[in-house]
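Data file: final.txt. Format and content: compact mmCIF, C-alpha atoms (C1' of nucleotides).
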```
# COMPACT_ATOMS: atom_id res chain seq x y z
CA MET A 1 123.79 104.55 63.01
CA THR A 2 120.70 104.38 60.88
CA VAL A 3 120.15 100.67 61.06
CA GLN A 4 118.28 99.87 57.89
CA GLN A 5 115.76 97.17 58.37
CA PRO A 6 116.21 94.29 55.96
CA SER A 7 112.95 94.16 54.08
CA ALA A 8 110.41 95.48 56.52
CA SER A 9 109.29 98.99 55.75
CA PRO A 10 109.58 101.81 58.27
CA ARG A 11 105.85 102.21 58.58
CA PRO A 12 104.80 104.71 61.20
CA ALA A 13 103.00 103.14 64.14
CA GLU A 14 99.96 105.29 63.51
CA LEU A 15 99.40 103.75 60.13
CA ASP A 16 99.68 100.28 61.56
CA ALA A 17 97.12 101.26 64.13
CA TRP A 18 94.87 102.39 61.35
CA ARG A 19 95.37 99.18 59.46
CA SER A 20 94.61 96.89 62.35
CA TYR A 21 91.62 99.02 63.20
CA THR A 22 90.17 98.74 59.71
CA THR A 23 90.77 95.01 59.58
CA VAL A 24 88.95 94.44 62.83
CA HIS A 25 86.16 96.77 61.87
CA ALA A 26 85.61 94.86 58.65
CA GLN A 27 85.50 91.61 60.54
CA LEU A 28 83.12 92.88 63.12
CA ALA A 29 80.84 94.30 60.45
CA ALA A 30 80.93 91.00 58.60
CA HIS A 31 80.09 89.13 61.76
CA LEU A 32 77.16 91.35 62.63
CA ALA A 33 75.88 91.14 59.07
CA ARG A 34 76.09 87.37 59.17
CA GLU A 35 74.20 87.16 62.44
CA LEU A 36 71.53 89.39 61.01
CA THR A 37 71.23 87.41 57.82
CA ARG A 38 71.03 84.11 59.61
CA ALA A 39 68.34 85.33 61.97
CA THR A 40 66.22 87.29 59.53
CA GLY A 41 67.28 86.59 55.97
CA LEU A 42 67.91 90.29 55.53
CA SER A 43 71.10 91.83 54.23
CA GLU A 44 72.85 94.68 55.94
CA ALA A 45 71.57 97.05 53.28
CA ASP A 46 68.01 95.82 53.77
CA HIS A 47 68.31 96.39 57.48
CA GLN A 48 69.64 99.92 57.17
CA ILE A 49 66.75 101.03 55.02
CA LEU A 50 64.14 99.27 57.09
CA ASP A 51 65.57 100.63 60.30
CA VAL A 52 65.39 104.22 59.15
CA LEU A 53 61.89 103.82 57.77
CA LEU A 54 60.70 102.20 60.96
CA ASP A 55 61.12 105.47 62.82
CA ALA A 56 59.61 107.65 60.12
CA PRO A 57 56.09 108.97 60.69
CA GLY A 58 53.74 106.66 58.87
CA ALA A 59 56.73 104.47 58.04
CA ARG A 60 56.97 106.72 55.00
CA MET A 61 59.84 108.82 53.78
CA ARG A 62 61.08 110.47 50.62
CA ALA A 63 63.86 108.66 48.86
CA LEU A 64 65.85 111.85 49.19
CA GLU A 65 65.53 111.81 52.95
CA LEU A 66 66.59 108.21 53.04
CA ARG A 67 69.67 109.17 51.12
CA TRP A 68 70.45 111.86 53.65
CA ALA A 69 69.95 109.58 56.59
CA LEU A 70 72.04 106.78 55.18
CA GLN A 71 74.49 108.87 53.20
CA TRP A 72 74.09 106.63 50.20
CA GLU A 73 74.55 107.44 46.56
CA LYS A 74 71.29 107.84 44.75
CA SER A 75 71.97 105.00 42.38
CA ARG A 76 72.65 102.64 45.23
CA LEU A 77 69.42 103.54 46.92
CA SER A 78 67.46 103.21 43.72
CA HIS A 79 68.76 99.70 43.04
CA GLN A 80 68.25 98.62 46.62
CA ILE A 81 64.69 99.90 46.71
CA ALA A 82 63.94 98.13 43.47
CA ARG A 83 65.19 94.84 44.91
CA MET A 84 63.35 95.28 48.17
CA SER A 85 60.05 96.20 46.59
CA THR A 86 60.09 93.07 44.46
CA ARG A 87 60.44 91.19 47.72
CA GLY A 88 57.42 92.99 49.14
CA LEU A 89 59.24 94.84 51.89
CA LEU A 90 58.34 98.31 50.69
CA GLU A 91 56.40 100.26 48.11
CA ARG A 92 56.88 103.39 46.08
CA ASP A 93 54.26 106.10 46.05
CA ALA A 94 54.12 109.35 44.12
CA CYS A 95 55.52 112.29 46.03
CA THR A 96 53.20 115.27 46.27
CA GLU A 97 55.72 118.00 46.92
CA ASP A 98 58.01 117.17 44.02
CA ALA A 99 56.84 115.22 41.02
CA ARG A 100 60.36 113.99 40.37
CA GLY A 101 60.61 112.24 43.71
CA TRP A 102 59.06 109.22 45.35
CA ASP A 103 57.83 108.37 48.77
CA ILE A 104 59.00 105.05 50.09
CA ILE A 105 56.60 103.20 52.38
CA LEU A 106 57.06 100.11 54.51
CA THR A 107 54.61 97.32 53.78
CA ALA A 108 53.21 95.32 56.66
CA ALA A 109 55.78 92.63 55.97
CA GLY A 110 58.46 95.28 55.82
CA ARG A 111 57.45 96.71 59.14
CA GLU A 112 57.57 93.33 60.76
CA ALA A 113 60.93 92.53 59.23
CA ALA A 114 62.25 95.89 60.35
CA ALA A 115 61.20 95.36 63.94
CA ARG A 116 62.65 91.89 64.01
CA ALA A 117 65.90 93.01 62.45
CA ARG A 118 66.22 95.82 64.93
CA ARG A 119 65.89 93.46 67.85
CA VAL A 120 68.46 91.10 66.41
CA ARG A 121 70.92 93.85 65.68
CA GLU A 122 70.53 95.46 69.07
CA GLU A 123 71.22 92.13 70.64
CA SER A 124 74.34 91.63 68.55
CA VAL A 125 75.70 95.09 69.21
CA ARG A 126 75.07 94.74 72.90
CA ARG A 127 76.73 91.38 73.05
CA PHE A 128 79.71 92.19 70.90
CA VAL A 129 80.35 95.88 71.12
CA LEU A 130 78.83 97.30 74.25
CA GLU A 131 79.85 94.44 76.46
CA THR A 132 83.36 94.52 75.07
CA LEU A 133 84.06 98.21 74.95
CA GLY A 134 81.77 99.56 77.60
CA ALA A 135 79.59 102.62 77.25
CA GLU A 136 82.41 105.02 77.90
CA ARG A 137 84.70 103.79 75.18
CA LEU A 138 81.78 103.61 72.81
CA ALA A 139 81.02 107.24 73.58
CA HIS A 140 84.61 108.07 72.64
CA PHE A 141 83.95 106.32 69.35
CA ALA A 142 80.93 108.44 68.69
CA GLU A 143 82.88 111.54 69.60
CA ALA A 144 85.65 110.62 67.21
CA ALA A 145 83.05 109.87 64.58
CA ALA A 146 81.69 113.37 64.96
CA LEU A 147 85.14 114.83 64.40
CA LEU A 148 85.64 112.74 61.32
CA ALA A 149 82.24 113.73 60.02
CA ASP A 150 83.19 117.37 60.34
CA ARG A 151 86.40 116.69 58.50
CA LEU A 152 84.53 114.94 55.71
CA ASN A 153 82.06 117.77 55.40
CA ARG A 154 84.89 120.22 55.17
CA ALA A 155 86.47 118.16 52.42
CA ALA A 156 83.17 118.10 50.59
CA GLU A 157 82.96 121.88 50.71
CA GLU A 158 86.49 122.36 49.49
CA ASP A 159 86.05 119.87 46.68
CA PRO A 160 82.49 119.93 45.38
CA ASP A 161 83.40 117.09 43.09
CA CYS A 162 83.60 114.83 46.10
CA ARG A 163 80.13 113.46 46.65
CA ALA A 164 81.21 111.44 49.66
CA ALA A 165 79.91 113.76 52.30
CA ARG A 166 77.75 116.30 50.61
CA ALA A 167 74.90 116.57 53.10
CA ALA A 168 75.16 117.02 56.82
CA VAL A 169 76.25 113.86 58.52
CA TYR A 170 74.31 112.29 61.34
CA ALA A 171 77.05 112.32 63.86
CA ASP A 172 76.38 115.00 66.43
CA GLY A 173 75.03 112.44 68.81
CA SER A 174 71.77 114.28 69.35
CA GLY A 175 69.70 112.64 66.69
CA MET B 1 53.83 110.15 84.23
CA THR B 2 55.56 107.96 81.69
CA VAL B 3 55.33 110.41 78.85
CA GLN B 4 55.19 108.23 75.83
CA GLN B 5 56.94 109.69 72.89
CA PRO B 6 54.74 109.98 69.84
CA SER B 7 56.44 107.81 67.29
CA ALA B 8 60.10 107.96 68.18
CA SER B 9 61.43 104.77 69.70
CA PRO B 10 63.18 104.66 73.04
CA ARG B 11 66.48 103.67 71.53
CA PRO B 12 69.30 103.52 74.01
CA ALA B 13 71.90 106.20 73.47
CA GLU B 14 74.61 103.59 73.07
CA LEU B 15 72.94 102.15 70.03
CA ASP B 16 72.62 105.56 68.48
CA ALA B 17 76.29 106.08 69.11
CA TRP B 18 76.98 102.84 67.33
CA ARG B 19 74.82 103.82 64.42
CA SER B 20 76.39 107.21 63.89
CA TYR B 21 79.79 105.64 64.23
CA THR B 22 79.10 103.06 61.54
CA THR B 23 77.64 105.66 59.20
CA VAL B 24 80.68 107.86 59.50
CA HIS B 25 83.04 104.95 59.17
CA ALA B 26 81.37 103.89 55.96
CA GLN B 27 81.66 107.39 54.60
CA LEU B 28 85.26 107.73 55.54
CA ALA B 29 86.09 104.38 54.00
CA ALA B 30 84.27 105.36 50.83
CA HIS B 31 86.14 108.62 50.69
CA LEU B 32 89.53 107.00 51.15
CA ALA B 33 88.69 104.39 48.56
CA ARG B 34 87.68 107.06 46.09
CA GLU B 35 90.88 109.02 46.62
CA LEU B 36 92.86 105.86 46.06
CA THR B 37 90.99 104.93 42.92
CA ARG B 38 91.31 108.38 41.43
CA ALA B 39 95.02 108.54 42.09
CA THR B 40 95.98 105.01 41.10
CA GLY B 41 93.09 103.28 39.38
CA LEU B 42 93.22 100.59 42.04
CA SER B 43 90.29 99.42 44.10
CA GLU B 44 90.40 99.08 47.85
CA ALA B 45 90.62 95.33 47.47
CA ASP B 46 93.53 95.63 45.04
CA HIS B 47 95.32 97.88 47.46
CA GLN B 48 94.90 95.59 50.44
CA ILE B 49 96.41 92.64 48.64
CA LEU B 50 99.23 94.63 47.11
CA ASP B 51 100.03 96.25 50.42
CA VAL B 52 100.43 92.98 52.24
CA LEU B 53 102.50 91.45 49.45
CA LEU B 54 104.75 94.48 49.31
CA ASP B 55 106.14 93.64 52.75
CA ALA B 56 106.49 89.92 52.11
CA PRO B 57 109.98 88.55 51.50
CA GLY B 58 110.41 88.30 47.76
CA ALA B 59 107.02 89.93 47.37
CA ARG B 60 105.79 86.35 47.51
CA MET B 61 103.28 84.77 49.84
CA ARG B 62 101.01 81.78 50.02
CA ALA B 63 97.38 82.47 49.32
CA LEU B 64 96.67 81.01 52.71
CA GLU B 65 98.87 83.55 54.43
CA LEU B 66 97.21 86.34 52.51
CA ARG B 67 93.91 85.09 53.81
CA TRP B 68 95.20 85.19 57.35
CA ALA B 69 96.62 88.64 56.98
CA LEU B 70 93.51 90.10 55.40
CA GLN B 71 90.97 87.92 57.14
CA TRP B 72 89.22 87.27 53.85
CA GLU B 73 87.14 84.31 52.83
CA LYS B 74 88.95 82.00 50.49
CA SER B 75 86.48 82.51 47.71
CA ARG B 76 86.87 86.24 47.86
CA LEU B 77 90.61 86.00 47.67
CA SER B 78 90.47 83.55 44.82
CA HIS B 79 88.24 85.78 42.72
CA GLN B 80 90.28 88.84 43.50
CA ILE B 81 93.55 87.17 42.61
CA ALA B 82 92.08 85.94 39.35
CA ARG B 83 91.06 89.46 38.41
CA MET B 84 94.35 90.98 39.43
CA SER B 85 96.46 88.48 37.58
CA THR B 86 94.61 89.14 34.35
CA ARG B 87 95.57 92.76 34.87
CA GLY B 88 99.18 91.79 35.29
CA LEU B 89 99.53 92.88 38.89
CA LEU B 90 100.47 89.48 40.22
CA GLU B 91 101.18 85.88 39.28
CA ARG B 92 100.46 82.46 40.68
CA ASP B 93 103.23 79.94 41.18
CA ALA B 94 103.08 76.36 42.38
CA CYS B 95 103.61 76.01 46.11
CA THR B 96 106.34 73.58 47.09
CA GLU B 97 105.24 72.81 50.64
CA ASP B 98 101.66 71.94 49.79
CA ALA B 99 100.58 70.89 46.33
CA ARG B 100 97.08 72.16 46.96
CA GLY B 101 98.19 75.70 47.53
CA TRP B 102 99.63 78.52 45.47
CA ASP B 103 102.23 81.15 45.97
CA ILE B 104 101.19 84.61 44.94
CA ILE B 105 103.91 86.88 43.57
CA LEU B 106 103.92 90.55 42.74
CA THR B 107 104.91 91.36 39.19
CA ALA B 108 107.06 94.38 38.52
CA ALA B 109 103.98 96.35 37.64
CA GLY B 110 102.30 95.11 40.78
CA ARG B 111 105.19 96.18 42.92
CA GLU B 112 105.15 99.63 41.45
CA ALA B 113 101.40 99.94 41.85
CA ALA B 114 101.67 98.74 45.44
CA ALA B 115 104.27 101.32 46.33
CA ARG B 116 102.30 104.09 44.70
CA ALA B 117 99.08 103.03 46.37
CA ARG B 118 100.75 102.92 49.75
CA ARG B 119 102.00 106.45 49.40
CA VAL B 120 98.58 107.68 48.36
CA ARG B 121 96.82 105.90 51.18
CA GLU B 122 99.28 107.06 53.79
CA GLU B 123 98.75 110.60 52.61
CA SER B 124 94.98 110.23 52.84
CA VAL B 125 95.03 108.66 56.28
CA ARG B 126 97.37 111.29 57.56
CA ARG B 127 95.31 114.10 56.15
CA PHE B 128 91.92 112.77 57.17
CA VAL B 129 92.39 110.57 60.19
CA LEU B 130 95.61 111.40 61.95
CA GLU B 131 95.22 115.12 61.58
CA THR B 132 91.64 114.96 62.77
CA LEU B 133 91.88 112.52 65.65
CA GLY B 134 95.46 112.90 66.72
CA ALA B 135 97.80 110.06 67.53
CA GLU B 136 96.38 109.56 70.98
CA ARG B 137 92.80 109.06 69.96
CA LEU B 138 93.94 106.82 67.14
CA ALA B 139 95.84 104.71 69.63
CA HIS B 140 92.60 104.36 71.59
CA PHE B 141 91.01 103.12 68.41
CA ALA B 142 93.66 100.49 67.96
CA GLU B 143 93.27 99.48 71.58
CA ALA B 144 89.54 99.12 71.18
CA ALA B 145 90.12 97.18 68.00
CA ALA B 146 92.28 94.72 69.92
CA LEU B 147 89.50 94.16 72.43
CA LEU B 148 87.01 93.58 69.69
CA ALA B 149 89.36 91.19 67.96
CA ASP B 150 89.61 89.15 71.14
CA ARG B 151 85.88 89.11 71.40
CA LEU B 152 85.54 87.92 67.82
CA ASN B 153 88.09 85.20 68.34
CA ARG B 154 86.24 84.05 71.40
CA ALA B 155 83.02 83.91 69.42
CA ALA B 156 84.76 81.90 66.74
CA GLU B 157 85.90 79.36 69.29
CA GLU B 158 82.49 79.03 70.84
CA ASP B 159 80.80 78.68 67.49
CA PRO B 160 83.08 76.87 65.05
CA ASP B 161 80.48 77.44 62.39
CA CYS B 162 81.34 81.09 62.40
CA ARG B 163 84.13 81.57 59.95
CA ALA B 164 84.33 85.28 60.63
CA ALA B 165 87.32 85.24 62.91
CA ARG B 166 88.85 81.84 62.76
CA ALA B 167 92.53 82.72 62.67
CA ALA B 168 94.36 85.07 64.94
CA VAL B 169 93.53 88.65 64.15
CA TYR B 170 96.19 91.24 63.46
CA ALA B 171 95.22 93.61 66.19
CA ASP B 172 97.73 93.43 68.98
CA GLY B 173 99.39 96.57 67.70
CA SER B 174 102.81 94.96 67.56
CA GLY B 175 102.81 93.77 63.98
C1' DC C 1 56.69 132.92 29.01
C1' DG C 2 60.86 130.26 27.60
C1' DT C 3 65.07 128.50 27.83
C1' DA C 4 69.32 126.88 30.58
C1' DG C 5 70.95 124.64 34.20
C1' DA C 6 70.34 122.02 38.44
C1' DT C 7 68.29 118.13 40.74
C1' DG C 8 65.50 113.53 41.91
C1' DG C 9 65.44 109.31 40.32
C1' DT C 10 66.23 105.29 36.85
C1' DA C 11 68.89 101.96 33.83
C1' DG C 12 72.68 99.24 32.34
C1' DA C 13 77.40 97.79 32.67
C1' DC C 14 80.96 96.29 35.34
C1' DG C 15 83.65 95.10 39.44
C1' DT C 16 83.14 93.06 43.82
C1' DA C 17 81.41 89.95 48.02
C1' DT C 18 79.14 85.83 49.53
C1' DC C 19 77.34 81.28 49.34
C1' DA C 20 77.28 76.54 47.96
C1' DA C 21 79.16 72.98 45.42
C1' DC C 22 83.11 71.03 43.85
C1' DC C 23 88.11 69.02 42.96
C1' DA C 24 92.60 67.67 44.39
C1' DT C 25 95.70 66.91 47.86
C1' DA C 26 96.85 66.16 52.61
C1' DT C 27 96.14 63.90 57.05
C1' DC C 28 94.36 60.86 60.28
C1' DT C 29 93.14 56.29 61.70
C1' DA C 30 92.17 51.53 61.33
C1' DT D 1 97.96 50.66 52.82
C1' DA D 2 93.14 51.95 52.37
C1' DG D 3 89.33 54.61 53.43
C1' DA D 4 87.36 58.64 55.85
C1' DT D 5 87.73 63.26 56.64
C1' DA D 6 89.66 67.79 56.57
C1' DT D 7 91.68 71.49 54.00
C1' DG D 8 93.53 74.78 50.04
C1' DG D 9 91.73 76.56 46.32
C1' DT D 10 88.38 77.20 42.16
C1' DT D 11 83.95 77.95 40.02
C1' DG D 12 79.33 79.73 39.09
C1' DA D 13 75.20 81.94 40.69
C1' DT D 14 73.42 85.77 42.84
C1' DA D 15 73.26 90.05 45.43
C1' DC D 16 75.47 94.38 46.07
C1' DG D 17 77.88 99.02 45.02
C1' DT D 18 79.61 102.38 41.79
C1' DC D 19 79.98 104.72 37.55
C1' DT D 20 78.11 106.85 33.45
C1' DA D 21 74.47 108.20 30.91
C1' DC D 22 69.94 109.40 30.79
C1' DC D 23 64.92 111.27 31.51
C1' DA D 24 61.68 114.17 33.80
C1' DT D 25 60.82 117.93 36.51
C1' DC D 26 62.02 121.94 39.04
C1' DT D 27 64.17 126.64 39.44
C1' DA D 28 66.45 130.87 37.90
C1' DC D 29 66.85 134.18 35.06
C1' DG D 30 66.20 136.40 30.55
```

Can I see the file as structure tokens?
Amino acid sequence: MTVQQPSASPRPAELDAWRSYTTVHAQLAAHLARELTRATGLSEADHQILDVLLDAPGARMRALELRWALQWEKSRLSHQIARMSTRGLLERDACTEDARGWDIILTAAGREAAARARRVREESVRRFVLETLGAERLAHFAEAAALLADRLNRAAEEDPDCRAARAAVYADGSG
Amino acid sequence: MTVQQPSASPRPAELDAWRSYTTVHAQLAAHLARELTRATGLSEADHQILDVLLDAPGARMRALELRWALQWEKSRLSHQIARMSTRGLLERDACTEDARGWDIILTAAGREAAARARRVREESVRRFVLETLGAERLAHFAEAAALLADRLNRAAEEDPDCRAARAAVYADGSG
DNA sequence: CGTAGATGGTAGACGTATCAACCATATCTA
DNA sequence: TAGATATGGTTGATACGTCTACCATCTACG
């Protein structure tokens, strides 16, 4: 019979699932970012950098390592660090092992902001994500994320021009 | 005994799961956006607008409806529409039902770009997401997204100041 | 050694996202 | 009907992300 639908497209259900998923994800991310900003004055990007540095020995880390941890482009990191250091959250220091590189260090203010931001974010994630999905579903998410990370790494190998996923991705769930 | 770990924090596993998930999601999104841009010259934002309009009757829709569908802030949509109309992808037309509003219409070029972008994106999602996760796991994603959407709507009701999720969210999986 | 290529990081330009302030129209209420 | 308030949309400032080009240093290989 092949009933042709008037104007609606015959979109596969899977793609609709993907679309609704991405929409909700964007909203959730926006909401969490807004909560963070209201509570701490920090942007999402600020928080990500601070949070990684907070766990680094001596609150110090090479820019390169930061890039690996966050999977950011080098230009993005460079700009972000420049902005944050003018705000006194971190400092650059010469890197001994490679004269091209820099060590990034949390200032006292940065350390405090990082700790505060972490608390706020943990609270938000607990309240919005954990409570809603439960630990089990969240674990499924992480599992799926690991699969996708593998896929991205494979793509990066096949197409070296694709910088999206060049280094190993932090998604194996074991730190 | 209480063996205190040297410098590593006692982060709950769930929060690590969340972090690795968000990192991978960001990477995947970046990768898909890059594929789209390379193939069509369109940004992710362009694509989202075009894709919604493509299914609208007459390829015409009120800006307000676009905002609902995409869950964007009005300022964001306004800027984006301004940019896209200078590129000839869409046009504004007076709205008959409310003199404050505007109808947004795809131009011929916009319609073509929208169709092309949709094909490219579907290809990418199929190749990266569907193939990797499988339909079942993706359905779980959509299901989880629906839960999160409910949670966001609830938050929006409780706190009217939170514009993040004011209107109904497209996440019930049934269009 | 010395040169060629790769790599860490920076700089500027441009597109994009958010916030706050604003204008015009709509709606509600006295 | 008039005034108060809410709402659709625009504007400008600012922060953010990406791209391209670039500089300095490192590494390989002659």

Contacts between chain A and chain B, please, where a residue of chain B counts if it comes within 8 Å (with all atoms listed in the file); show its shortest atom pair and distance in Å to one decimal, rows by chain and ascending number, as JSON lines.
```
{"residue": "B:Ser7", "atom": "CA", "partner": "A:Pro57", "partner_atom": "CA", "distance": 6.7}
{"residue": "B:Ala8", "atom": "CA", "partner": "A:Asp55", "partner_atom": "CA", "distance": 6.0}
{"residue": "B:Ser9", "atom": "CA", "partner": "A:Asp55", "partner_atom": "CA", "distance": 6.9}
{"residue": "B:Glu14", "atom": "CA", "partner": "A:Ala135", "partner_atom": "CA", "distance": 6.6}
{"residue": "B:Leu15", "atom": "CA", "partner": "A:Glu122", "partner_atom": "CA", "distance": 7.2}
{"residue": "B:Asp16", "atom": "CA", "partner": "A:Gly173", "partner_atom": "CA", "distance": 7.3}
{"residue": "B:Ala17", "atom": "CA", "partner": "A:Ala142", "partner_atom": "CA", "distance": 5.2}
{"residue": "B:Trp18", "atom": "CA", "partner": "A:Ala142", "partner_atom": "CA", "distance": 7.0}
{"residue": "B:Ser20", "atom": "CA", "partner": "A:Ala171", "partner_atom": "CA", "distance": 5.2}
{"residue": "B:Tyr21", "atom": "CA", "partner": "A:Ala145", "partner_atom": "CA", "distance": 5.4}
{"residue": "B:Thr23", "atom": "CA", "partner": "A:Leu70", "partner_atom": "CA", "distance": 7.0}
{"residue": "B:Val24", "atom": "CA", "partner": "A:Ala145", "partner_atom": "CA", "distance": 6.0}
{"residue": "B:His25", "atom": "CA", "partner": "A:Ala145", "partner_atom": "CA", "distance": 7.3}
{"residue": "B:Gln27", "atom": "CA", "partner": "A:Ala164", "partner_atom": "CA", "distance": 6.4}
{"residue": "B:Leu28", "atom": "CA", "partner": "A:Leu152", "partner_atom": "CA", "distance": 7.2}
{"residue": "B:Ala30", "atom": "CA", "partner": "A:Ala164", "partner_atom": "CA", "distance": 6.9}
{"residue": "B:His31", "atom": "CA", "partner": "A:Ala164", "partner_atom": "CA", "distance": 5.8}
{"residue": "B:Asp55", "atom": "CA", "partner": "A:Ala8", "partner_atom": "CA", "distance": 6.0}
{"residue": "B:Ala56", "atom": "CA", "partner": "A:Ser7", "partner_atom": "CA", "distance": 8.0}
{"residue": "B:Pro57", "atom": "CA", "partner": "A:Ser7", "partner_atom": "CA", "distance": 6.9}
{"residue": "B:Leu70", "atom": "CA", "partner": "A:Thr23", "partner_atom": "CA", "distance": 7.0}
{"residue": "B:Gln71", "atom": "CA", "partner": "A:Gln27", "partner_atom": "CA", "distance": 7.4}
{"residue": "B:Glu122", "atom": "CA", "partner": "A:Leu15", "partner_atom": "CA", "distance": 7.2}
{"residue": "B:Val125", "atom": "CA", "partner": "A:Leu15", "partner_atom": "CA", "distance": 7.6}
{"residue": "B:Phe128", "atom": "CA", "partner": "A:Arg151", "partner_atom": "CA", "distance": 6.9}
{"residue": "B:Val129", "atom": "CA", "partner": "A:Leu148", "partner_atom": "CA", "distance": 7.2}
{"residue": "B:Leu130", "atom": "CA", "partner": "A:Glu14", "partner_atom": "CA", "distance": 7.7}
{"residue": "B:Thr132", "atom": "CA", "partner": "A:Leu148", "partner_atom": "CA", "distance": 6.6}
{"residue": "B:Leu133", "atom": "CA", "partner": "A:Ala144", "partner_atom": "CA", "distance": 6.7}
{"residue": "B:Ala135", "atom": "CA", "partner": "A:Glu14", "partner_atom": "CA", "distance": 6.6}
{"residue": "B:Arg137", "atom": "CA", "partner": "A:Ala144", "partner_atom": "CA", "distance": 7.8}
{"residue": "B:Leu138", "atom": "CA", "partner": "A:Ala17", "partner_atom": "CA", "distance": 7.1}
{"residue": "B:Ala139", "atom": "CA", "partner": "A:Ala17", "partner_atom": "CA", "distance": 6.6}
{"residue": "B:Phe141", "atom": "CA", "partner": "A:Tyr21", "partner_atom": "CA", "distance": 6.7}
{"residue": "B:Ala142", "atom": "CA", "partner": "A:Ala17", "partner_atom": "CA", "distance": 5.2}
{"residue": "B:Ala144", "atom": "CA", "partner": "A:Leu133", "partner_atom": "CA", "distance": 6.7}
{"residue": "B:Ala145", "atom": "CA", "partner": "A:Tyr21", "partner_atom": "CA", "distance": 5.4}
{"residue": "B:Ala146", "atom": "CA", "partner": "A:Val24", "partner_atom": "CA", "distance": 7.8}
{"residue": "B:Leu147", "atom": "CA", "partner": "A:Thr132", "partner_atom": "CA", "distance": 6.7}
{"residue": "B:Leu148", "atom": "CA", "partner": "A:Thr132", "partner_atom": "CA", "distance": 6.6}
{"residue": "B:Ala149", "atom": "CA", "partner": "A:Val24", "partner_atom": "CA", "distance": 6.1}
{"residue": "B:Arg151", "atom": "CA", "partner": "A:Phe128", "partner_atom": "CA", "distance": 6.9}
{"residue": "B:Leu152", "atom": "CA", "partner": "A:Leu28", "partner_atom": "CA", "distance": 7.2}
{"residue": "B:Ala164", "atom": "CA", "partner": "A:His31", "partner_atom": "CA", "distance": 5.8}
{"residue": "B:Ala165", "atom": "CA", "partner": "A:Gln27", "partner_atom": "CA", "distance": 7.0}
{"residue": "B:Val169", "atom": "CA", "partner": "A:Val24", "partner_atom": "CA", "distance": 7.5}
{"residue": "B:Tyr170", "atom": "CA", "partner": "A:Ser20", "partner_atom": "CA", "distance": 6.0}
{"residue": "B:Ala171", "atom": "CA", "partner": "A:Ser20", "partner_atom": "CA", "distance": 5.1}
{"residue": "B:Gly173", "atom": "CA", "partner": "A:Ala17", "partner_atom": "CA", "distance": 6.3}
{"residue": "B:Gly175", "atom": "CA", "partner": "A:Asp16", "partner_atom": "CA", "distance": 7.6}
```

query = Which residues, written as a ChimeraX atom specification, have at least one atom at most 10 Å from range 19-24 of chain D, with all atoms listed in the file counted and residues fewer than 5 positions away on the same chain left out?
reply = /A:75,99-100 /C:8-14

Closest contacts (chain B/chain C, max 12 Å, all atoms listed in the file) as a Markdown table:
```
| residue | atom | partner | partner_atom | distance |
| --- | --- | --- | --- | --- |
| B:Leu42 | CA | C:DG15 | C1' | 11.3 |
| B:Ser43 | CA | C:DG15 | C1' | 9.2 |
| B:Glu44 | CA | C:DT16 | C1' | 10.3 |
| B:Ala45 | CA | C:DT16 | C1' | 8.6 |
| B:Asp46 | CA | C:DT16 | C1' | 10.8 |
| B:Trp72 | CA | C:DA17 | C1' | 10.1 |
| B:Glu73 | CA | C:DT18 | C1' | 8.8 |
| B:Lys74 | CA | C:DT18 | C1' | 10.6 |
| B:Ser75 | CA | C:DT18 | C1' | 8.3 |
| B:Arg76 | CA | C:DA17 | C1' | 6.6 |
| B:Leu77 | CA | C:DA17 | C1' | 10.0 |
| B:Ser78 | CA | C:DA17 | C1' | 11.5 |
| B:His79 | CA | C:DT16 | C1' | 9.0 |
| B:Gln80 | CA | C:DT16 | C1' | 8.3 |
| B:Arg83 | CA | C:DG15 | C1' | 9.4 |
| B:Met84 | CA | C:DG15 | C1' | 11.5 |
| B:Glu97 | CA | C:DA26 | C1' | 10.9 |
| B:Asp98 | CA | C:DA26 | C1' | 8.0 |
| B:Ala99 | CA | C:DT25 | C1' | 6.5 |
| B:Arg100 | CA | C:DT25 | C1' | 5.5 |
| B:Gly101 | CA | C:DT25 | C1' | 9.1 |
```

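The space separating CA of Leu53 in chain A from CA of Thr40 in chain A comes to 17.2 Å.
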
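Relative to CA of Ala109 in chain B, C1' of DG8 in chain D is found at 27.0 Å.
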
query = Separation of C1' of DA13 in chain D and CA of Leu90 in chain B, in Å?
reply = 26.4 Å

Exercise answer, chain D residues close to chain B, 10 Å and only C-alpha atoms (C1' of nucleotides), as a list in words = DT7, DG8, DG9, DT10 and DT11 of chain D

May I have the selected residues written with C-alpha atoms (C1' of nucleotides), as a CSV table (one decimal), in the coordinates of the input?
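New file again-v7.csv:
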```csv
chain,number,residue,atom,x,y,z
D,7,DT,C1',91.7,71.5,54.0
D,8,DG,C1',93.5,74.8,50.0
D,9,DG,C1',91.7,76.6,46.3
D,10,DT,C1',88.4,77.2,42.2
D,11,DT,C1',84.0,78.0,40.0
```

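Near Arg60 in chain B, within 12 Å and counting only C-alpha atoms (C1' of nucleotides), sit B:Ile49, B:Leu50, B:Asp51, B:Val52, B:Leu53, B:Leu54, B:Asp55, B:Ala56, B:Leu64, B:Glu65, B:Leu66, B:Leu90, B:Glu91, B:Arg92, B:Asp93, B:Ala94, B:Cys95, B:Trp102, B:Asp103, B:Ile104, B:Ile105, B:Leu106, B:Thr107, B:Gly110, B:Arg111, not including residues fewer than 4 positions from it in the same chain.
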